[in-house]
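See structure below.
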Protein chains: 2
Amino acid sequence: MAFVPVTYYPPVMQEQLRNARAAVEGSPYERYLNVDLTVPLEVARGIQDGPLPLSDTISPTVEELNAMLTDPVRRDWGWSVLEGPTLYVQSRIDFPGSTPEMFEWWFWWHTLDPRRYMLWFPHSHVSATPADPKRMADDSLTFAERFYGNRHHVKEWMGPEFLDSIINFTDPAVLGFDMGKFSAAGFAASASGLLELPGVPDVTVGMMIHIVRPVEGGMELVSRYWLGSHPALRRFPGAEKACELFASVGIDAEKMRNTAYELSVHDMTEWNNLARILPGLYAEFGPKPG
Amino acid sequence: MAFVPVTYYPPVMQEQLRNARAAVEGSPYERYLNVDLTVPLEVARGIQDGPLPLSDTISPTVEELNAMLTDPVRRDWGWSVLEGPTLYVQSRIDFPGSTPEMFEWWFWWHTLDPRRYMLWFPHSHVSATPADPKRMADDSLTFAERFYGNRHHVKEWMGPEFLDSIINFTDPAVLGFDMGKFSAAGFAASASGLLELPGVPDVTVGMMIHIVRPVEGGMELVSRYWLGSHPALRRFPGAEKACELFASVGIDAEKMRNTAYELSVHDMTEWNNLARILPGLYAEFGPKPG
């Protein structure tokens with residue numbers, strides 16, 4: 001797949017890049033800070049062709065979550081607005097030379113220093129802070145023990161808008177995955193969870209799926225995002241209040257359409273960049289054998 | 001110079017592209033509608049590096065207008081916010097195979113059918129309507145006679161925002177150019193003018209310079225934009241009211257910073273696309289010899 005340079009960053013993201021460069025300067029992270037990011041041309045063009053038809057999207061029901069483990073979508077990219085209204089994004093990203101172990105490592109490791117989080121998307125990422133950093137840093141715990149239910153407070157630029165959100169990473173079984181099917185399909189790690197807004201605890205405003213499996217030459221990441229008042233999200237805490245909450249901050253279907261495209265651009269940019277730096281980061285900063 | 005695909009169009013521009021495709025379908029203009037636009041990588045990256053330092057910009061004074069004819073700027077691209085506040089953009093674009101005659105022809109010809117205007121930037125351009133289309137179409141008049149003072153009402157997408165503006169194309173001598181110096185520097189045509197807002201006649205809110213000269217293998221276009229309340233614009237009608245007008249519609253320095261970058265992206269995209277299609281359009285639709 002051909003990769004091409006990103007031709008657009010709004011001024012606030014240009015400024016965040018300068019902040020990130022200053023933050024990592026002289027640190028061991030500096031050489032992993034990519035300034036000239038590239039994205040797959042096929043995906044950049046694909047998401048420029050309007051919203052996906054609803055027949056090419058999936059709902060956050062338990063049934064469709066499990067179907068996604070075995071039934072590939074027609075396209076590895078795309079965005080739309082579903083009932084609710086609910087912002088929807090889908091993607092599949094290749095990670096040559098990476099493994100699910102590296103993926104789990106990245107997800108707790110990057111939360112312990114904002115400079116690490118910046119490496120992931122230097123034009124966007126400001127900070128990702130865990131509710132309990134001590135638990136997150138505890139090497140005696142399993143990934144699930146340190147990570148799930150340890151809410152991340154995430155600050156990042158989503159295009160021209162500043163996004164301040166809470167990600168409650170959650171056991172995939174609790175989200176609705178049949179873990180027998182999950183493993184049978186080869187998936188080996190998950191950094192999926194429920195979304196909340198800061199200061200509004202226990203109101204689920206969305207669900208985000210990031211699951212990985214080994215493929216020839218590396219790993220693939222399959223992602224889905226639903227943000228809004230989809231009826232199928234009502235199985236999660238407080239989700240029945242999401243519609244009112246979105247209305248109170250002026251988020252309507254038109255706003256969701258724009259944000260869905262921005263999130264597609266963001267997803268394409270950040271994950272393809274992480275794919276480039278993860279093997280090197282893990283080799284330098286990951287656990288040493290023996 | 002390496003050209004790369006544009007990786008970002010907000011959903012409203014994606015929709016405008018669909019409108020433009022539908023508008024030209026089956027017409028003789030269809031084959032000139034480029035969908036996959038490309039831009040010079042050096043410029044796309046250059047304008048991602050924040051605003052130009054003020055020492056790299058020029059003011060819309062008579063002195064600096066004339067200095068730009070002979071003193072090249074340090075960079076052929078860039079944006080900033082000057083005193084006023086005043087949005088500022090500069091650019092220089094190569095037009096291989098084009099001539100100043102083609103440039104003048106394009107500027108009256110495209111206003112007689114919105115489909116022609118769409119070809120210029122299919123993701124953005126909606127319509128450009130002259131106040132007096134009959135005068136604009138009159139082949140017995142010179143370019144200056146049909147074009148100057150024949151206000152264009154322009155509707156286009158500038159990133160996610162719809163821009164509805166009036167361009168009062170004006171004799172470059174009236175704008176402040178010394179026409180002896182203009183010709184001596186090789187410049188041979190101008191599509192420059194003053195900017196107004198619809199419904200607010202005779203309040204100058206900006207000045208736009210587009211001047212061309214032959215170079216080896218074609219033509220070069222040198223452009224400058226000032227939009228705002230710069231003191232040097234006060235030599236033009238009603239410009240002293242611009243500051244109040246911008247304040248009344250909520251445009252401040254922060255908004256100007258974003259719009260300056262958007263205008264840089266827009267300028268880079270539309271002119272490089274016109275450069276690609278102008279020789280072919282002129283050969284097919286321009287005046288026939290004899």
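Every chain in the structure tokens takes a letter, A first, then B, and so on in the order presented; its residues are numbered from 1, and the ligands are numbered from 1 following the presented order.
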**Message:** Going by DSSP on the backbone, which residues of region 67-226 of chain B come out as strand (DSSP E)? List them as a PyMOL selection string.
**Reply:** chain B and resi 79-82+86-96+125-130+152-158+161-169+189-190+193-196+206-215+218-226
**Request:** Do me a favour and pick out the residues of chain B within 8 Å of chain A, using only C-alpha atoms, as a PyMOL selection string.
**Result:** chain B and resi 4-11+14-15+41+44-45+48-50+257-258+261-262+265
How about saving the chosen residues, N, CA, C and O atoms kept, as a PDB file, in the first residue's frame?
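Below is the file that was written, result.pdb:
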```pdb
ATOM      1  N   VAL B   4       1.957  15.890  -4.269  1.00  0.00           N
ATOM      2  CA  VAL B   4       1.376  14.793  -3.480  1.00  0.00           C
ATOM      3  C   VAL B   4      -0.140  14.980  -3.374  1.00  0.00           C
ATOM      4  O   VAL B   4      -0.636  16.103  -3.465  1.00  0.00           O
ATOM      5  N   PRO B   5      -0.883  13.869  -3.194  1.00  0.00           N
ATOM      6  CA  PRO B   5      -2.350  13.975  -3.103  1.00  0.00           C
ATOM      7  C   PRO B   5      -2.779  14.732  -1.840  1.00  0.00           C
ATOM      8  O   PRO B   5      -2.140  14.622  -0.797  1.00  0.00           O
ATOM      9  N   VAL B   6      -3.864  15.474  -1.956  1.00  0.00           N
ATOM     10  CA  VAL B   6      -4.467  16.158  -0.808  1.00  0.00           C
ATOM     11  C   VAL B   6      -5.104  15.097   0.093  1.00  0.00           C
ATOM     12  O   VAL B   6      -5.919  14.301  -0.372  1.00  0.00           O
ATOM     13  N   THR B   7      -4.718  15.074   1.379  1.00  0.00           N
ATOM     14  CA  THR B   7      -5.217  14.005   2.259  1.00  0.00           C
ATOM     15  C   THR B   7      -6.415  14.421   3.097  1.00  0.00           C
ATOM     16  O   THR B   7      -6.889  13.618   3.904  1.00  0.00           O
ATOM     17  N   TYR B   8      -6.921  15.641   2.948  1.00  0.00           N
ATOM     18  CA  TYR B   8      -8.004  16.081   3.837  1.00  0.00           C
ATOM     19  C   TYR B   8      -8.982  17.003   3.120  1.00  0.00           C
ATOM     20  O   TYR B   8      -8.563  18.026   2.572  1.00  0.00           O
ATOM     21  N   TYR B   9     -10.247  16.629   3.132  1.00  0.00           N
ATOM     22  CA  TYR B   9     -11.342  17.528   2.739  1.00  0.00           C
ATOM     23  C   TYR B   9     -12.468  17.351   3.739  1.00  0.00           C
ATOM     24  O   TYR B   9     -12.981  16.227   3.880  1.00  0.00           O
ATOM     25  N   PRO B  10     -12.922  18.414   4.419  1.00  0.00           N
ATOM     26  CA  PRO B  10     -14.045  18.250   5.339  1.00  0.00           C
ATOM     27  C   PRO B  10     -15.305  17.781   4.594  1.00  0.00           C
ATOM     28  O   PRO B  10     -15.418  17.981   3.374  1.00  0.00           O
ATOM     29  N   PRO B  11     -16.237  17.133   5.310  1.00  0.00           N
ATOM     30  CA  PRO B  11     -17.433  16.559   4.657  1.00  0.00           C
ATOM     31  C   PRO B  11     -18.195  17.524   3.746  1.00  0.00           C
ATOM     32  O   PRO B  11     -18.676  17.113   2.690  1.00  0.00           O
ATOM     33  N   GLN B  14     -16.473  17.416   0.498  1.00  0.00           N
ATOM     34  CA  GLN B  14     -16.727  16.135  -0.171  1.00  0.00           C
ATOM     35  C   GLN B  14     -18.070  16.202  -0.900  1.00  0.00           C
ATOM     36  O   GLN B  14     -18.221  15.708  -2.022  1.00  0.00           O
ATOM     37  N   GLU B  15     -19.042  16.837  -0.234  1.00  0.00           N
ATOM     38  CA  GLU B  15     -20.382  16.958  -0.808  1.00  0.00           C
ATOM     39  C   GLU B  15     -20.363  17.905  -2.015  1.00  0.00           C
ATOM     40  O   GLU B  15     -21.031  17.656  -3.024  1.00  0.00           O
ATOM     41  N   LEU B  41       4.571  19.242  -2.318  1.00  0.00           N
ATOM     42  CA  LEU B  41       4.885  18.784  -0.961  1.00  0.00           C
ATOM     43  C   LEU B  41       5.595  19.869  -0.155  1.00  0.00           C
ATOM     44  O   LEU B  41       5.294  20.090   1.021  1.00  0.00           O
ATOM     45  N   ALA B  44       2.910  22.299   1.016  1.00  0.00           N
ATOM     46  CA  ALA B  44       2.021  21.692   2.017  1.00  0.00           C
ATOM     47  C   ALA B  44       2.727  21.608   3.367  1.00  0.00           C
ATOM     48  O   ALA B  44       2.152  21.916   4.414  1.00  0.00           O
ATOM     49  N   ARG B  45       4.002  21.191   3.347  1.00  0.00           N
ATOM     50  CA  ARG B  45       4.765  21.100   4.602  1.00  0.00           C
ATOM     51  C   ARG B  45       5.103  22.473   5.150  1.00  0.00           C
ATOM     52  O   ARG B  45       5.063  22.711   6.350  1.00  0.00           O
ATOM     53  N   GLN B  48       2.538  24.110   7.178  1.00  0.00           N
ATOM     54  CA  GLN B  48       2.222  23.386   8.419  1.00  0.00           C
ATOM     55  C   GLN B  48       3.125  23.816   9.577  1.00  0.00           C
ATOM     56  O   GLN B  48       3.036  23.246  10.668  1.00  0.00           O
ATOM     57  N   ASP B  49       3.987  24.766   9.333  1.00  0.00           N
ATOM     58  CA  ASP B  49       4.983  25.102  10.346  1.00  0.00           C
ATOM     59  C   ASP B  49       4.662  26.423  11.042  1.00  0.00           C
ATOM     60  O   ASP B  49       5.551  27.193  11.388  1.00  0.00           O
ATOM     61  N   GLY B  50       3.369  26.702  11.206  1.00  0.00           N
ATOM     62  CA  GLY B  50       2.970  27.899  11.933  1.00  0.00           C
ATOM     63  C   GLY B  50       2.995  29.137  11.059  1.00  0.00           C
ATOM     64  O   GLY B  50       3.361  29.082   9.881  1.00  0.00           O
ATOM     65  N   ARG B 257      -6.291  33.599  12.310  1.00  0.00           N
ATOM     66  CA  ARG B 257      -5.179  32.661  12.210  1.00  0.00           C
ATOM     67  C   ARG B 257      -5.649  31.373  11.510  1.00  0.00           C
ATOM     68  O   ARG B 257      -4.990  30.879  10.587  1.00  0.00           O
ATOM     69  N   ASN B 258      -6.786  30.852  11.955  1.00  0.00           N
ATOM     70  CA  ASN B 258      -7.297  29.631  11.329  1.00  0.00           C
ATOM     71  C   ASN B 258      -7.648  29.859   9.863  1.00  0.00           C
ATOM     72  O   ASN B 258      -7.349  29.036   9.005  1.00  0.00           O
ATOM     73  N   TYR B 261      -4.593  30.088   7.532  1.00  0.00           N
ATOM     74  CA  TYR B 261      -4.083  28.772   7.131  1.00  0.00           C
ATOM     75  C   TYR B 261      -5.013  28.124   6.109  1.00  0.00           C
ATOM     76  O   TYR B 261      -4.563  27.574   5.099  1.00  0.00           O
ATOM     77  N   GLU B 262      -6.340  28.187   6.361  1.00  0.00           N
ATOM     78  CA  GLU B 262      -7.292  27.603   5.403  1.00  0.00           C
ATOM     79  C   GLU B 262      -7.137  28.245   4.028  1.00  0.00           C
ATOM     80  O   GLU B 262      -7.215  27.571   3.002  1.00  0.00           O
ATOM     81  N   VAL B 265      -4.119  26.824   2.292  1.00  0.00           N
ATOM     82  CA  VAL B 265      -4.423  25.496   1.755  1.00  0.00           C
ATOM     83  C   VAL B 265      -5.264  25.632   0.480  1.00  0.00           C
ATOM     84  O   VAL B 265      -5.022  24.965  -0.532  1.00  0.00           O
TER      85      VAL B 265
END
```
**Message:** Residues within 8 Å of Leu82 (chain B), please, as a PyMOL selection string. Count only C-alpha atoms; anything in the same chain fewer than 6 positions from it doesn't count.
**Reply:** chain B and resi 54+88+230
**Message:** From the options A:Lys288, A:His125, A:Lys241, A:Arg92, which residue's atoms come nearest to Asp113 (chain A), counting only C-alpha atoms?
**Reply:**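 Using only C-alpha atoms, the shortest distance to Asp113 (chain A) belongs to A:His125.
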**Asked** So which residues touch region 179-196 of chain B within 9 Å, counting only C-alpha atoms, skipping near sequence neighbours fewer than 6 positions away, as a PyMOL selection string?
**Response** chain B and resi 66+69-70+100-101+103-104+107+147-149+165-173+202-215+223+227+236
Can those selected residues be exported to a file as a short mmCIF file (atom, residue, chain, number, x, y, z; two decimals), in the first residue's frame so that it contains C-alpha atoms?
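Produced file out.cif, reproduced below:
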```cif
data_model
loop_
_atom_site.label_atom_id
_atom_site.label_comp_id
_atom_site.auth_asym_id
_atom_site.auth_seq_id
_atom_site.Cartn_x
_atom_site.Cartn_y
_atom_site.Cartn_z
CA ASN B 66 5.76 48.03 -5.70
CA LEU B 69 7.54 43.48 -8.18
CA THR B 70 11.30 43.31 -7.86
CA PRO B 100 -0.90 35.84 -19.42
CA GLU B 101 -3.42 35.87 -22.31
CA PHE B 103 -5.00 33.97 -17.56
CA GLU B 104 -7.04 37.01 -18.64
CA PHE B 107 -10.93 35.29 -15.56
CA PHE B 147 -13.56 42.98 -16.08
CA TYR B 148 -12.64 45.91 -13.82
CA GLY B 149 -15.41 47.24 -11.61
CA SER B 165 -17.90 37.39 -0.76
CA ILE B 166 -17.65 40.13 -3.34
CA ILE B 167 -14.50 40.71 -5.37
CA ASN B 168 -14.26 44.10 -7.00
CA PHE B 169 -11.52 43.45 -9.57
CA THR B 170 -9.67 46.73 -10.05
CA ASP B 171 -7.06 48.26 -12.34
CA PRO B 172 -3.69 47.49 -10.70
CA ALA B 173 -2.69 51.16 -11.06
CA ASP B 202 -18.49 50.12 -0.39
CA VAL B 203 -16.79 48.80 2.74
CA THR B 204 -13.40 47.47 1.65
CA VAL B 205 -12.50 44.52 3.87
CA GLY B 206 -9.37 43.41 2.03
CA MET B 207 -7.18 43.36 -1.05
CA MET B 208 -6.15 40.42 -3.19
CA ILE B 209 -3.23 40.53 -5.65
CA HIS B 210 -2.91 38.03 -8.51
CA ILE B 211 -0.32 39.11 -11.09
CA VAL B 212 1.34 37.00 -13.78
CA ARG B 213 4.40 37.15 -15.96
CA PRO B 214 5.89 34.84 -18.57
CA VAL B 215 8.75 32.64 -17.41
CA SER B 223 -0.42 36.29 -5.11
CA LEU B 227 -8.22 40.55 4.79
CA PHE B 236 -9.67 52.41 -0.25
#
```
**Request:** Find the spatial neighbours of Arg75 (chain B), counting only C-alpha atoms, within a cut-off of 9 Å - ignore same-chain residues fewer than 6 positions away - and output them as a list of chain:residue names.
**Result:**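 Near Arg75 (chain B), the qualifying residues are B:Gly46, B:Asp56, B:Gln90, B:Ser91, B:Arg92.
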Selection file, N, CA and C atoms, as an mmCIF file, in the first residue's frame:
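Produced file selection20.cif, reproduced below:
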```cif
data_model
loop_
_atom_site.group_PDB
_atom_site.id
_atom_site.type_symbol
_atom_site.label_atom_id
_atom_site.label_comp_id
_atom_site.auth_asym_id
_atom_site.auth_seq_id
_atom_site.Cartn_x
_atom_site.Cartn_y
_atom_site.Cartn_z
ATOM 1 N N GLY B 46 5.468 23.390 4.240
ATOM 2 C CA GLY B 46 5.872 24.727 4.678
ATOM 3 C C GLY B 46 4.776 25.420 5.467
ATOM 4 N N ASP B 56 8.920 38.190 7.309
ATOM 5 C CA ASP B 56 8.778 37.511 6.011
ATOM 6 C C ASP B 56 7.473 37.871 5.309
ATOM 7 N N GLN B 90 0.614 34.629 1.313
ATOM 8 C CA GLN B 90 1.438 34.866 0.115
ATOM 9 C C GLN B 90 1.684 33.549 -0.617
ATOM 10 N N SER B 91 1.815 33.631 -1.945
ATOM 11 C CA SER B 91 2.145 32.422 -2.715
ATOM 12 C C SER B 91 2.720 32.774 -4.078
ATOM 13 N N ARG B 92 3.409 31.808 -4.638
ATOM 14 C CA ARG B 92 3.903 31.897 -6.025
ATOM 15 C C ARG B 92 3.685 30.529 -6.644
#
```
**Message:** For a test of reading the model, state the distance in Å between CA of Pro231 (chain B) and CA of Leu245 (chain B), rounded to one decimal.
**Reply:**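 Interatomic distance, CA of Pro231 (chain B) to CA of Leu245 (chain B): 14.9 Å.
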**Message:** When you count only C-alpha atoms, which of these residues is closest to Asp132 (chain A): A:Leu112, A:Val200, A:Leu281, A:Ala247?
**Reply:**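 Residue with the minimum atom-to-atom distance to Asp132 (chain A): A:Leu112.
Using only C-alpha atoms, the shortest contact distance between Phe121 (chain A) and any of A:Ile93, A:Leu37, A:Tyr29, A:Phe3 is found at A:Leu37.
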**Item:** Which of A:Val174, A:Ala137, A:Met219, A:Leu33 sits closest to Asn19 (chain A) [using only C-alpha atoms]
**Value:** A:Leu33
**Selection: 9 Å around Ala131 (chain A), only C-alpha atoms, excl. self and same-chain fewer than 6 positions, as a PyMOL selection string** = chain A and resi 149-153
**Request:** Would you mind reading off the distance between CA of Arg224 (chain B) and CA of Ala20 (chain B), one decimal, in Å?
**Result:** 27.5 Å
